[in-house]
>>> print(open('query-v1.txt').read())   # compact mmCIF, C-alpha atoms
# COMPACT_ATOMS: atom_id res chain seq x y z
CA MET A 2 106.26 33.05 82.00
CA LYS A 3 104.06 33.78 79.04
CA LYS A 4 105.16 36.86 77.14
CA VAL A 5 102.93 36.55 74.11
CA TYR A 6 99.80 38.69 74.06
CA GLU A 7 96.89 38.56 71.68
CA ASN A 8 96.86 42.17 70.49
CA ALA A 9 97.67 45.77 71.39
CA GLU A 10 94.63 46.14 73.61
CA ASP A 11 95.75 43.20 75.77
CA ALA A 12 99.40 44.25 75.77
CA ILE A 13 98.78 47.77 77.13
CA GLU A 14 96.82 46.40 80.11
CA GLY A 15 98.06 48.13 83.26
CA ILE A 16 98.92 51.47 81.73
CA GLU A 17 97.27 54.09 83.92
CA SER A 18 96.83 57.84 84.06
CA GLY A 19 99.90 59.72 85.25
CA MET A 20 102.41 57.10 84.11
CA THR A 21 105.61 57.69 82.15
CA LEU A 22 105.86 55.98 78.77
CA MET A 23 108.75 55.61 76.35
CA LEU A 24 107.77 55.21 72.72
CA GLY A 25 110.26 54.19 70.05
CA GLY A 26 110.49 55.66 66.57
CA PHE A 27 112.03 58.53 64.65
CA GLY A 28 109.45 60.70 62.95
CA LEU A 29 106.81 58.15 61.95
CA CYS A 30 109.46 55.52 61.16
CA GLY A 31 109.43 52.57 63.53
CA ILE A 32 106.72 53.88 65.85
CA PRO A 33 104.57 51.38 67.79
CA GLU A 34 101.49 52.40 65.85
CA LYS A 35 99.25 49.60 67.16
CA CYS A 36 99.86 50.38 70.85
CA ILE A 37 99.43 54.12 70.25
CA ALA A 38 96.10 53.46 68.51
CA ALA A 39 95.02 51.20 71.40
CA LEU A 40 95.92 53.91 73.93
CA SER A 41 93.94 56.48 71.96
CA ASN A 42 90.92 54.15 72.25
CA LYS A 43 91.19 54.51 76.02
CA PRO A 44 90.79 58.29 76.39
CA GLU A 45 90.25 57.81 80.12
CA ILE A 46 94.02 57.28 80.41
CA THR A 47 95.34 60.83 80.78
CA ASN A 48 98.18 62.87 82.28
CA LEU A 49 100.77 60.74 80.53
CA THR A 50 104.41 61.73 80.29
CA CYS A 51 105.63 60.54 76.90
CA ILE A 52 109.33 60.16 76.11
CA SER A 53 109.63 59.99 72.34
CA ASN A 54 112.03 61.64 69.91
CA ASN A 55 109.11 63.19 68.03
CA ALA A 56 105.43 63.76 68.65
CA GLY A 57 103.86 62.25 65.54
CA VAL A 58 101.84 64.30 63.08
CA ASP A 59 98.37 65.73 63.60
CA ASP A 60 96.53 62.62 62.46
CA PHE A 61 98.96 59.77 63.09
CA GLY A 62 101.18 58.37 65.82
CA LEU A 63 101.32 60.37 69.05
CA GLY A 64 99.16 62.98 67.33
CA TYR A 65 96.18 60.76 68.28
CA LEU A 66 97.01 61.03 71.99
CA LEU A 67 97.58 64.77 71.68
CA GLN A 68 94.19 65.25 70.00
CA ASN A 69 92.60 63.38 72.93
CA LYS A 70 94.58 65.51 75.41
CA GLN A 71 95.95 62.33 77.03
CA ILE A 72 99.48 63.73 77.25
CA LYS A 73 100.56 66.06 80.03
CA LYS A 74 104.24 66.24 79.18
CA MET A 75 106.48 65.37 76.22
CA ILE A 76 110.21 64.74 76.43
CA SER A 77 111.43 64.98 72.82
CA SER A 78 114.19 66.37 70.63
CA TYR A 79 112.16 67.59 67.66
CA VAL A 80 108.46 68.40 67.55
CA GLY A 81 107.91 70.15 64.23
CA GLU A 82 105.29 68.87 61.77
CA ASN A 83 102.49 68.88 64.34
CA ALA A 84 100.15 71.87 64.53
CA GLU A 85 98.07 70.56 67.46
CA PHE A 86 101.26 69.98 69.42
CA GLU A 87 102.41 73.54 68.76
CA ARG A 88 99.02 74.92 69.78
CA GLN A 89 98.97 72.99 73.09
CA MET A 90 102.58 73.92 73.82
CA LEU A 91 102.14 77.65 73.15
CA SER A 92 98.90 77.74 75.17
CA GLY A 93 100.63 76.03 78.09
CA GLU A 94 98.31 72.98 78.11
CA LEU A 95 101.24 70.73 77.27
CA GLU A 96 104.55 70.70 79.09
CA VAL A 97 107.52 70.09 76.80
CA GLU A 98 111.08 69.23 77.73
CA LEU A 99 113.19 69.56 74.61
CA THR A 100 116.29 67.42 74.86
CA PRO A 101 119.15 67.04 72.36
CA GLN A 102 118.64 63.85 70.38
CA GLY A 103 121.89 62.19 71.43
CA THR A 104 121.28 63.15 75.05
CA LEU A 105 117.78 61.67 74.84
CA ALA A 106 119.15 58.40 73.45
CA GLU A 107 121.86 58.26 76.10
CA LYS A 108 119.38 59.05 78.89
CA CYS A 109 117.41 55.96 77.85
CA ARG A 110 120.53 53.85 77.38
CA ALA A 111 121.84 54.88 80.80
CA GLY A 112 118.45 54.32 82.45
CA GLY A 113 118.30 50.81 81.03
CA ALA A 114 121.91 50.10 81.99
CA GLY A 115 121.66 51.13 85.64
CA ILE A 116 123.61 54.37 85.26
CA PRO A 117 121.80 57.27 86.96
CA ALA A 118 123.49 60.18 85.17
CA PHE A 119 126.30 61.07 82.77
CA PHE A 120 128.24 64.06 81.45
CA THR A 121 127.76 65.11 77.82
CA PRO A 122 129.14 68.07 75.86
CA ALA A 123 125.78 68.57 74.11
CA GLY A 124 123.97 71.73 75.11
CA TYR A 125 126.81 73.29 77.09
CA GLY A 126 126.42 77.08 77.03
CA THR A 127 122.78 76.84 75.89
CA GLU A 128 119.45 76.97 77.73
CA VAL A 129 119.46 73.16 77.84
CA ALA A 130 122.25 73.38 80.43
CA GLU A 131 120.47 75.92 82.64
CA GLY A 132 120.27 74.73 86.24
CA LYS A 133 122.42 71.68 85.56
CA GLU A 134 125.84 70.87 86.95
CA THR A 135 128.69 71.41 84.51
CA ARG A 136 132.23 70.11 84.74
CA GLU A 137 135.48 70.45 82.83
CA TYR A 138 137.33 67.36 81.62
CA ASP A 139 140.55 67.79 79.62
CA GLY A 140 139.77 71.42 78.87
CA LYS A 141 136.28 70.79 77.53
CA MET A 142 132.98 71.56 79.28
CA TYR A 143 130.26 68.97 79.92
CA VAL A 144 126.70 69.01 81.28
CA LEU A 145 125.36 66.49 83.82
CA GLU A 146 122.23 64.78 82.50
CA ASN A 147 120.02 62.35 84.43
CA ALA A 148 119.01 58.96 83.06
CA LEU A 149 115.41 58.11 82.19
CA VAL A 150 113.34 55.04 82.95
CA ALA A 151 109.69 54.48 82.08
CA ASP A 152 106.77 52.67 83.66
CA TYR A 153 106.16 51.20 80.22
CA ALA A 154 108.52 51.23 77.23
CA ILE A 155 106.68 50.54 73.98
CA VAL A 156 108.71 49.56 70.94
CA LYS A 157 108.13 48.35 67.41
CA ALA A 158 110.29 45.62 65.88
CA TRP A 159 110.32 43.82 62.56
CA LYS A 160 110.60 40.26 63.87
CA GLY A 161 110.33 38.80 67.32
CA ASP A 162 110.08 35.40 68.92
CA THR A 163 108.01 34.09 71.81
CA LYS A 164 110.89 34.73 74.24
CA GLY A 165 110.82 38.42 73.31
CA ASN A 166 114.02 38.49 71.25
CA LEU A 167 113.79 41.26 68.65
CA ILE A 168 115.18 42.16 65.24
CA PHE A 169 114.62 45.62 63.78
CA LYS A 170 114.53 46.65 60.15
CA ALA A 171 116.60 49.41 58.52
CA THR A 172 116.26 52.86 60.11
CA ALA A 173 113.07 51.77 61.91
CA ARG A 174 115.55 50.59 64.57
CA ASN A 175 116.38 54.13 65.87
CA PHE A 176 115.29 54.57 69.52
CA ASN A 177 113.53 51.21 69.78
CA PRO A 178 116.34 48.97 71.10
CA VAL A 179 117.53 51.70 73.46
CA MET A 180 114.09 52.31 74.96
CA ALA A 181 113.41 48.57 75.16
CA THR A 182 116.07 48.39 77.87
CA ALA A 183 114.60 51.21 79.97
CA GLY A 184 111.04 50.13 80.69
CA LYS A 185 109.94 48.66 84.01
CA VAL A 186 107.60 46.84 81.63
CA THR A 187 108.59 46.69 77.97
CA ILE A 188 105.99 45.96 75.30
CA ALA A 189 107.14 45.00 71.81
CA GLU A 190 104.85 44.97 68.80
CA VAL A 191 106.22 43.09 65.81
CA GLU A 192 105.34 42.46 62.19
CA GLU A 193 106.35 38.81 62.36
CA LEU A 194 106.15 36.69 65.49
CA VAL A 195 107.98 33.34 65.29
CA GLU A 196 108.53 30.40 67.63
CA THR A 197 111.50 30.31 69.99
CA GLY A 198 114.56 29.04 68.15
CA GLU A 199 113.59 30.33 64.75
CA LEU A 200 115.64 33.53 64.94
CA ASP A 201 119.40 33.24 64.42
CA PRO A 202 121.04 34.24 67.75
CA ASN A 203 123.71 36.08 65.73
CA GLU A 204 121.14 38.43 64.31
CA ILE A 205 119.10 39.40 67.35
CA HIS A 206 119.37 43.11 68.22
CA THR A 207 117.41 43.17 71.51
CA PRO A 208 117.75 40.17 73.83
CA GLY A 209 114.40 39.00 75.19
CA ILE A 210 115.50 39.68 78.78
CA PHE A 211 114.45 43.29 78.17
CA VAL A 212 111.02 42.44 76.74
CA HIS A 213 108.06 41.49 78.93
CA ARG A 214 105.19 41.47 76.47
CA ILE A 215 105.12 40.83 72.74
CA PHE A 216 102.37 40.65 70.13
CA LYS A 217 101.98 40.59 66.40
CA GLY A 218 100.46 43.74 64.94
CA GLU A 219 98.26 43.42 61.87
CA ALA A 220 98.29 45.59 58.73
CA TYR A 221 100.91 48.21 59.50
CA GLU A 222 100.21 51.54 57.88
CA LYS A 223 103.84 52.82 58.09
CA ARG A 224 103.01 56.29 56.93
CA ILE A 225 105.78 58.20 55.12
CA GLU A 226 106.40 61.82 56.13
CA GLN A 227 108.61 62.97 53.26
CA ARG A 228 108.11 60.83 50.19
CA THR A 229 111.23 61.70 48.19
CA ILE A 230 111.84 59.86 44.94
CA SER A 231 114.30 60.06 42.09
CA ASN A 232 113.37 59.39 38.49
CA SER A 233 116.56 57.63 37.49
CA MET B 26 125.77 86.12 44.40
CA ILE B 27 125.29 82.37 44.25
CA GLY B 28 122.37 80.04 44.98
CA LYS B 29 121.85 77.11 47.31
CA ASN B 30 123.24 74.56 44.89
CA GLU B 31 126.45 76.56 44.40
CA ILE B 32 126.87 76.88 48.18
CA ALA B 33 126.59 73.10 48.38
CA LYS B 34 129.01 72.69 45.49
CA ARG B 35 131.58 74.92 47.18
CA ILE B 36 131.28 73.00 50.47
CA ALA B 37 131.75 69.72 48.60
CA GLN B 38 135.26 70.94 47.69
CA GLU B 39 136.16 70.69 51.40
CA LEU B 40 135.54 66.93 51.47
CA GLU B 41 138.47 64.57 51.82
CA ASP B 42 138.81 60.95 50.83
CA GLY B 43 137.74 58.52 53.54
CA TRP B 44 135.74 61.01 55.58
CA TYR B 45 132.52 60.24 57.43
CA VAL B 46 130.24 63.26 57.05
CA ASN B 47 126.95 64.33 58.60
CA LEU B 48 124.81 66.64 56.48
CA GLY B 49 122.02 68.63 58.10
CA ILE B 50 118.62 69.46 56.66
CA GLY B 51 118.30 72.07 53.87
CA ILE B 52 121.31 73.32 51.88
CA PRO B 53 123.67 70.82 53.61
CA THR B 54 121.69 67.89 52.16
CA LEU B 55 122.50 69.20 48.66
CA VAL B 56 126.25 68.69 49.30
CA ALA B 57 125.67 64.98 48.63
CA ASN B 58 124.96 65.85 44.98
CA TYR B 59 128.44 67.34 44.44
CA ILE B 60 130.89 64.90 46.04
CA PRO B 61 133.97 65.19 43.78
CA GLU B 62 134.97 62.29 41.54
CA GLY B 63 137.47 59.94 43.15
CA ILE B 64 136.62 61.00 46.72
CA ASP B 65 135.09 58.30 48.88
CA VAL B 66 132.84 59.90 51.48
CA THR B 67 130.40 58.02 53.73
CA LEU B 68 127.31 59.95 54.80
CA GLN B 69 126.07 59.47 58.36
CA SER B 70 122.40 60.00 59.05
CA GLU B 71 121.90 60.37 62.79
CA ASN B 72 118.64 58.43 62.87
CA GLY B 73 120.79 55.33 62.32
CA LEU B 74 122.52 54.86 58.98
CA LEU B 75 126.06 55.03 57.67
CA GLY B 76 126.30 55.02 53.89
CA MET B 77 123.27 57.00 52.83
CA GLY B 78 122.40 56.57 49.16
CA PRO B 79 120.24 58.67 46.82
CA SER B 80 116.44 58.90 46.83
CA PRO B 81 114.66 55.68 45.83
CA THR B 82 112.61 55.14 42.71
CA GLU B 83 108.86 54.76 43.20
CA GLU B 84 109.24 50.93 43.15
CA ASN B 85 112.07 50.90 45.70
CA ILE B 86 110.46 53.14 48.29
CA ASP B 87 110.68 51.71 51.84
CA ALA B 88 108.87 53.40 54.75
CA ASP B 89 111.43 51.84 57.12
CA LEU B 90 114.34 53.55 55.36
CA ILE B 91 114.54 57.31 55.88
CA ASN B 92 117.16 59.95 56.63
CA ALA B 93 117.26 62.46 59.49
CA GLY B 94 115.09 64.80 57.43
CA LYS B 95 112.46 62.00 57.34
CA GLN B 96 112.92 61.67 53.58
CA THR B 97 112.85 58.25 51.96
CA ILE B 98 116.36 57.19 50.90
CA THR B 99 118.38 54.15 49.84
CA THR B 100 121.49 52.38 51.09
CA MET B 101 124.88 51.92 49.37
CA PRO B 102 127.11 48.86 49.23
CA GLY B 103 128.66 48.65 52.70
CA SER B 104 125.86 50.55 54.44
CA VAL B 105 125.06 49.76 58.06
CA PHE B 106 122.12 50.44 60.39
CA PHE B 107 122.40 51.10 64.12
CA ASP B 108 120.37 52.46 67.01
CA SER B 109 120.21 56.07 68.20
CA ALA B 110 122.59 55.60 71.15
CA MET B 111 125.26 54.13 68.89
CA SER B 112 124.66 56.86 66.33
CA PHE B 113 125.46 59.55 68.85
CA ALA B 114 128.37 57.53 70.21
CA MET B 115 129.87 58.00 66.75
CA ILE B 116 129.06 61.71 66.82
CA ARG B 117 130.19 62.54 70.38
CA GLY B 118 133.07 60.11 70.07
CA GLY B 119 134.55 62.24 67.29
CA LYS B 120 134.33 59.58 64.57
CA VAL B 121 132.49 61.89 62.15
CA GLN B 122 135.07 64.12 60.44
CA LEU B 123 132.77 66.84 59.17
CA THR B 124 129.38 68.24 60.10
CA VAL B 125 127.60 70.61 57.73
CA LEU B 126 124.51 72.37 59.03
CA GLY B 127 122.33 75.38 58.47
CA ALA B 128 122.01 78.30 60.87
CA MET B 129 119.79 81.25 61.66
CA GLU B 130 122.72 83.14 63.22
CA VAL B 131 126.46 82.67 63.68
CA SER B 132 128.58 84.89 65.90
CA GLU B 133 132.18 85.92 65.32
CA ASN B 134 133.41 83.62 68.10
CA GLY B 135 131.78 80.60 66.43
CA ASP B 136 128.52 80.38 68.41
CA ILE B 137 125.58 79.08 66.41
CA ALA B 138 121.81 79.51 66.79
CA ASN B 139 119.49 77.38 64.68
CA TRP B 140 116.73 75.79 66.74
CA LYS B 141 114.39 78.30 68.29
CA ILE B 142 112.83 81.72 67.79
CA PRO B 143 111.26 82.59 71.16
CA GLY B 144 107.51 83.12 70.88
CA LYS B 145 107.47 82.18 67.20
CA MET B 146 109.06 78.88 66.35
CA VAL B 147 110.02 76.02 68.63
CA LYS B 148 110.59 72.86 66.68
CA GLY B 149 113.43 71.54 68.80
CA MET B 150 117.13 70.99 68.34
CA GLY B 151 117.04 67.39 67.10
CA GLY B 152 120.63 66.20 66.90
CA ALA B 153 122.14 69.63 66.24
CA MET B 154 123.34 70.29 69.80
CA ASP B 155 125.11 66.93 70.00
CA LEU B 156 126.67 67.48 66.57
CA VAL B 157 128.01 70.98 67.20
CA ALA B 158 129.27 70.13 70.69
CA SER B 159 131.30 67.23 69.37
CA ALA B 160 132.52 67.74 65.81
CA ASP B 161 136.03 69.11 65.26
CA ASN B 162 135.12 70.44 61.87
CA ILE B 163 131.84 72.29 61.48
CA ILE B 164 130.84 74.17 58.32
CA VAL B 165 127.73 76.30 58.29
CA ALA B 166 125.82 76.59 55.01
CA MET B 167 123.40 79.51 54.93
CA MET B 168 122.30 82.73 53.29
CA HIS B 169 124.38 85.71 54.39
CA THR B 170 121.30 87.69 55.41
CA ASN B 171 117.80 86.76 56.61
CA ARG B 172 114.53 87.43 54.80
CA ALA B 173 114.39 90.91 56.30
CA GLY B 174 117.83 91.60 54.82
CA GLU B 175 119.60 91.59 58.20
CA SER B 176 123.01 90.04 58.63
CA LYS B 177 123.19 86.50 60.00
CA LEU B 178 126.92 86.90 60.77
CA LEU B 179 126.87 88.76 64.06
CA LYS B 180 129.06 90.00 66.87
CA LYS B 181 126.80 88.08 69.22
CA CYS B 182 123.84 85.82 68.49
CA SER B 183 120.47 87.19 69.56
CA LEU B 184 118.60 83.86 69.38
CA PRO B 185 118.93 80.94 71.84
CA LEU B 186 122.20 79.13 71.14
CA THR B 187 122.67 75.64 69.77
CA GLY B 188 126.36 75.54 70.65
CA VAL B 189 129.26 77.77 71.64
CA ASN B 190 132.67 78.37 70.00
CA CYS B 191 132.15 75.59 67.52
CA VAL B 192 131.72 76.86 63.94
CA LYS B 193 134.96 76.78 61.94
CA LYS B 194 133.86 77.86 58.48
CA ILE B 195 130.85 79.49 56.84
CA VAL B 196 129.80 79.33 53.20
CA THR B 197 127.09 81.78 52.19
CA ASN B 198 125.58 83.11 48.98
CA LEU B 199 128.14 85.93 49.20
CA ALA B 200 131.34 84.52 50.65
CA VAL B 201 133.48 81.85 52.30
CA LEU B 202 134.65 82.87 55.76
CA SER B 203 136.56 81.24 58.59
CA VAL B 204 136.01 81.90 62.28
CA THR B 205 139.18 83.20 63.93
CA GLU B 206 139.98 84.58 67.37
CA LYS B 207 139.64 88.09 65.95
CA GLY B 208 136.41 87.57 64.01
CA PHE B 209 135.18 86.41 60.62
CA LYS B 210 138.05 86.17 58.17
CA LEU B 211 137.03 86.64 54.54
CA LEU B 212 138.55 83.86 52.43
CA GLU B 213 136.64 84.00 49.14
CA ARG B 214 134.01 86.11 47.40
CA ALA B 215 131.09 84.67 45.44
CA PRO B 216 131.45 85.42 41.71
CA GLY B 217 130.53 89.03 41.00
CA VAL B 218 130.29 90.04 44.68
CA SER B 219 132.57 92.81 45.96
CA VAL B 220 134.33 92.99 49.32
CA GLU B 221 132.26 96.11 50.02
CA GLU B 222 129.01 94.20 49.55
CA ILE B 223 130.20 91.47 51.94
CA LYS B 224 131.24 94.10 54.49
CA ALA B 225 127.83 95.72 54.27
CA ALA B 226 126.09 92.37 54.84
CA THR B 227 128.26 91.35 57.81
CA GLU B 228 127.41 92.81 61.22
CA GLY B 229 130.24 90.98 63.04
CA THR B 230 133.92 91.87 62.76
CA LEU B 231 135.12 91.15 59.22
CA ILE B 232 138.84 90.66 58.62
CA VAL B 233 139.94 91.39 55.07
CA GLU B 234 143.60 90.73 54.31
CA GLY B 235 145.04 91.33 50.84
CA GLU B 236 143.35 90.38 47.62
CA ILE B 237 140.25 88.19 48.15
CA PRO B 238 139.87 85.57 45.40
CA GLU B 239 136.58 84.53 43.82
CA MET B 240 135.12 81.11 44.70
CA LYS B 241 135.78 78.52 42.02
CA ILE B 242 132.55 76.62 41.44
>>> encode(input="query-v1.txt", output="structure tokens")
Amino acid sequence: MKKVYENAEDAIEGIESGMTLMLGGFGLCGIPEKCIAALSNKPEITNLTCISNNAGVDDFGLGYLLQNKQIKKMISSYVGENAEFERQMLSGELEVELTPQGTLAEKCRAGGAGIPAFFTPAGYGTEVAEGKETREYDGKMYVLENALVADYAIVKAWKGDTKGNLIFKATARNFNPVMATAGKVTIAEVEELVETGELDPNEIHTPGIFVHRIFKGEAYEKRIEQRTISNS
Amino acid sequence: MIGKNEIAKRIAQELEDGWYVNLGIGIPTLVANYIPEGIDVTLQSENGLLGMGPSPTEENIDADLINAGKQTITTMPGSVFFDSAMSFAMIRGGKVQLTVLGAMEVSENGDIANWKIPGKMVKGMGGAMDLVASADNIIVAMMHTNRAGESKLLKKCSLPLTGVNCVKKIVTNLAVLSVTEKGFKLLERAPGVSVEEIKAATEGTLIVEGEIPEMKI
């Protein structure tokens, strides 16, 4: 089966209004910027539920989809740095489910691994645990959290091959390999796309079994949120 | 009274050789600047890095290499990258010996609130709830009072909680305190600050036993 697609526009074919998407990245680091841009060029796709650690900034990343009002609900751990997001959330236009970062990662991991729910200590005694089952193990309290799966998981990798095997770079790895496992359809955009056999099997982070579509993105912007430099 | 850098410097004295440490955003990040000579500490950044190095130079900047505060950083010899699920496996699994984070409020039983002000600010909890629910050793770095001059060390937190019964120690611009079953125990005073001043700035139960030494920073 052919996994290689021409570009982002081709690769997002089939995404429809009302679907649930997972999008990799932490802040703006390692986000699938080409697929997000392609989705924002299809403003007729609306009512999306987006599972992503963050929500981009006003004029980059998921901020594009927020500006277009394509997102109905966000499941995220941290949504600062985005004024339009805050406005839509406070006005009630946007539904937001804030989830502890480790719980969010584990929800995706579990969803991809065929585990429907798990107990975590995170959020016990806080509003995150409201309405959820809690249980004591060895004298410590835990909260039952459900796994997540997505209609489409969209990830960004550094290198990939035509079988969909992926290698990530530095901290741009973050949620990408975890979400790659949890999509009914997983789309990977990569900076370098090589022929099967060219990647060292020892160095592959995400086995191609999890990846259904792959394409090479051109001219990554990779915007930096907090440019911090030292003079020495 | 001391400043943010001195708070960080005082917390750095708590570090032990061989520890893996997670530093939160704000004052906690400054602790990295004061790791004592001869102590080997590995910094964990929950977005997926063990062995966080200093800020890069302009030439070395890499958009794919950031810390949990989204700041550009560098690696150290022996650094390793990993995904978010593995990062929090380290955290929940108790492999990180010390977590230092900021707070808006701490209560005398060790509850912490630092992620939400209803109706005003909702940025999210990020990794803070996972960190405070899991770490054995949690130090809070913060100012003793808020901008309105009200105590941040309370009998009971008024803001939505991040975690319960978890804070062990607090270092503020006025004092070092530990959380005990009977309340905040005063351990050290900031240079030039009296016990009376600390009492006045602490709404929660303050336990003062014997002579309280000055912080050495």
>>> residues_around(input="query-v1.txt", residues="Glu222 of chain B", least_positions_apart="3", cutoff="12 Å", atoms="all atoms listed in the file", output="PyMOL selection string")
chain B and resi 26+169-170+176+198-200+214-215+217-219+225-228+231
>>> write_last_selection(input="query-v1.txt", atoms="C-alpha atoms", output="PDB file, in the coordinates of the input")
ATOM      1  CA  MET B  26     125.770  86.120  44.400  1.00  0.00           C
ATOM      2  CA  HIS B 169     124.380  85.710  54.390  1.00  0.00           C
ATOM      3  CA  THR B 170     121.300  87.690  55.410  1.00  0.00           C
ATOM      4  CA  SER B 176     123.010  90.040  58.630  1.00  0.00           C
ATOM      5  CA  ASN B 198     125.580  83.110  48.980  1.00  0.00           C
ATOM      6  CA  LEU B 199     128.140  85.930  49.200  1.00  0.00           C
ATOM      7  CA  ALA B 200     131.340  84.520  50.650  1.00  0.00           C
ATOM      8  CA  ARG B 214     134.010  86.110  47.400  1.00  0.00           C
ATOM      9  CA  ALA B 215     131.090  84.670  45.440  1.00  0.00           C
ATOM     10  CA  GLY B 217     130.530  89.030  41.000  1.00  0.00           C
ATOM     11  CA  VAL B 218     130.290  90.040  44.680  1.00  0.00           C
ATOM     12  CA  SER B 219     132.570  92.810  45.960  1.00  0.00           C
ATOM     13  CA  ALA B 225     127.830  95.720  54.270  1.00  0.00           C
ATOM     14  CA  ALA B 226     126.090  92.370  54.840  1.00  0.00           C
ATOM     15  CA  THR B 227     128.260  91.350  57.810  1.00  0.00           C
ATOM     16  CA  GLU B 228     127.410  92.810  61.220  1.00  0.00           C
ATOM     17  CA  LEU B 231     135.120  91.150  59.220  1.00  0.00           C
TER      18      LEU B 231
END
>>> axis_aligned_box(input="query-v1.txt", around="segment 79-88 of chain A", padding_each_side="3 Å", output="AutoDock Vina command-line options")
--center_x 105.1 --center_y 71.3 --center_z 65.8 --size_x 20.1 --size_y 13.3 --size_z 14.0
>>> interface_residues(input="query-v1.txt", of="chain A", to="chain B", cutoff="6 Å", atoms="only C-alpha atoms", output="list in words")
Cys30, Ser78, Tyr79, Val80, Gly81, Pro101, Gln102, Gly103, Ala106, Glu107, Pro122, Ala123, Gly124, Thr127, Ala171, Thr172, Ala173, Arg174, Asn175, Phe176, Ile225, Gln227, Arg228, Thr229, Ile230 and Ser231 of chain A
>>> residues_around(input="query-v1.txt", residues="Met168 of chain B", least_positions_apart="6", cutoff="10 Å", atoms="all atoms listed in the file", output="number ranges by chain")
B: 27-29, 32, 52, 127-130, 176-178, 195-200
>>> closest_residue(input="query-v1.txt", among="A:Asn8, A:Asn54, A:Thr47, A:Thr21", to="Lys35 of chain A", atoms="all atoms listed in the file")
A:Asn8
>>> atom_distance(input="query-v1.txt", atom1="atom CA of Ile16 of chain A", atom2="atom CA of Lys43 of chain A")
10.1 Å
>>> atom_distance(input="query-v1.txt", atom1="atom CA of Leu184 of chain B", atom2="atom CA of Val131 of chain B")
9.8 Å
>>> atom_distance(input="query-v1.txt", atom1="atom CA of Glu41 of chain B", atom2="atom CA of Lys141 of chain A")
26.5 Å
>>> closest_residue(input="query-v1.txt", among="B:Lys34, B:Lys207, B:Lys224, B:Lys193", to="Leu55 of chain B", atoms="all atoms listed in the file")
B:Lys34
>>> residues_around(input="query-v1.txt", residues="Phe169 of chain A", least_positions_apart="6", cutoff="12 Å", atoms="only C-alpha atoms", output="ChimeraX atom specification")
/A:25-26,30-32,156-161,175-179,181,189-193,204-208 /B:73,89-90,106-108
>>> residues_around(input="query-v1.txt", residues="Asn48 of chain A", least_positions_apart="3", cutoff="9 Å", atoms="all atoms listed in the file", output="PyMOL selection string")
chain A and resi 17-20+70-74
>>> closest_residue(input="query-v1.txt", among="B:Val192, B:Ala173, B:Cys182, B:Leu48", to="Val121 of chain B", atoms="all atoms listed in the file")
B:Leu48
>>> build_atoms(input="query-v1.txt", residues="segment 140-148 of chain B", atoms="N, CA, C and O atoms", output="PDB file, in the frame of the given file")
ATOM      1  N   TRP B 140     117.797  76.720  66.347  1.00  0.00           N
ATOM      2  CA  TRP B 140     116.730  75.790  66.740  1.00  0.00           C
ATOM      3  C   TRP B 140     115.487  76.441  67.320  1.00  0.00           C
ATOM      4  O   TRP B 140     114.473  75.777  67.491  1.00  0.00           O
ATOM      5  N   LYS B 141     115.523  77.731  67.575  1.00  0.00           N
ATOM      6  CA  LYS B 141     114.390  78.300  68.290  1.00  0.00           C
ATOM      7  C   LYS B 141     114.307  79.805  68.043  1.00  0.00           C
ATOM      8  O   LYS B 141     115.325  80.498  68.084  1.00  0.00           O
ATOM      9  N   ILE B 142     113.102  80.290  67.793  1.00  0.00           N
ATOM     10  CA  ILE B 142     112.830  81.720  67.790  1.00  0.00           C
ATOM     11  C   ILE B 142     111.798  81.953  68.874  1.00  0.00           C
ATOM     12  O   ILE B 142     110.634  81.584  68.697  1.00  0.00           O
ATOM     13  N   PRO B 143     112.193  82.497  70.032  1.00  0.00           N
ATOM     14  CA  PRO B 143     111.260  82.590  71.160  1.00  0.00           C
ATOM     15  C   PRO B 143     109.934  83.237  70.754  1.00  0.00           C
ATOM     16  O   PRO B 143     109.919  84.263  70.077  1.00  0.00           O
ATOM     17  N   GLY B 144     108.837  82.583  71.159  1.00  0.00           N
ATOM     18  CA  GLY B 144     107.510  83.120  70.880  1.00  0.00           C
ATOM     19  C   GLY B 144     107.002  82.842  69.485  1.00  0.00           C
ATOM     20  O   GLY B 144     105.835  83.054  69.191  1.00  0.00           O
ATOM     21  N   LYS B 145     107.877  82.369  68.590  1.00  0.00           N
ATOM     22  CA  LYS B 145     107.470  82.180  67.200  1.00  0.00           C
ATOM     23  C   LYS B 145     107.612  80.748  66.735  1.00  0.00           C
ATOM     24  O   LYS B 145     106.691  80.161  66.200  1.00  0.00           O
ATOM     25  N   MET B 146     108.784  80.194  66.921  1.00  0.00           N
ATOM     26  CA  MET B 146     109.060  78.880  66.350  1.00  0.00           C
ATOM     27  C   MET B 146     109.850  78.062  67.354  1.00  0.00           C
ATOM     28  O   MET B 146     110.907  78.471  67.783  1.00  0.00           O
ATOM     29  N   VAL B 147     109.292  76.938  67.765  1.00  0.00           N
ATOM     30  CA  VAL B 147     110.020  76.020  68.630  1.00  0.00           C
ATOM     31  C   VAL B 147     109.821  74.618  68.087  1.00  0.00           C
ATOM     32  O   VAL B 147     108.840  73.968  68.376  1.00  0.00           O
ATOM     33  N   LYS B 148     110.715  74.200  67.233  1.00  0.00           N
ATOM     34  CA  LYS B 148     110.590  72.860  66.680  1.00  0.00           C
ATOM     35  C   LYS B 148     111.482  71.876  67.423  1.00  0.00           C
ATOM     36  O   LYS B 148     111.277  70.686  67.385  1.00  0.00           O
TER      37      LYS B 148
END
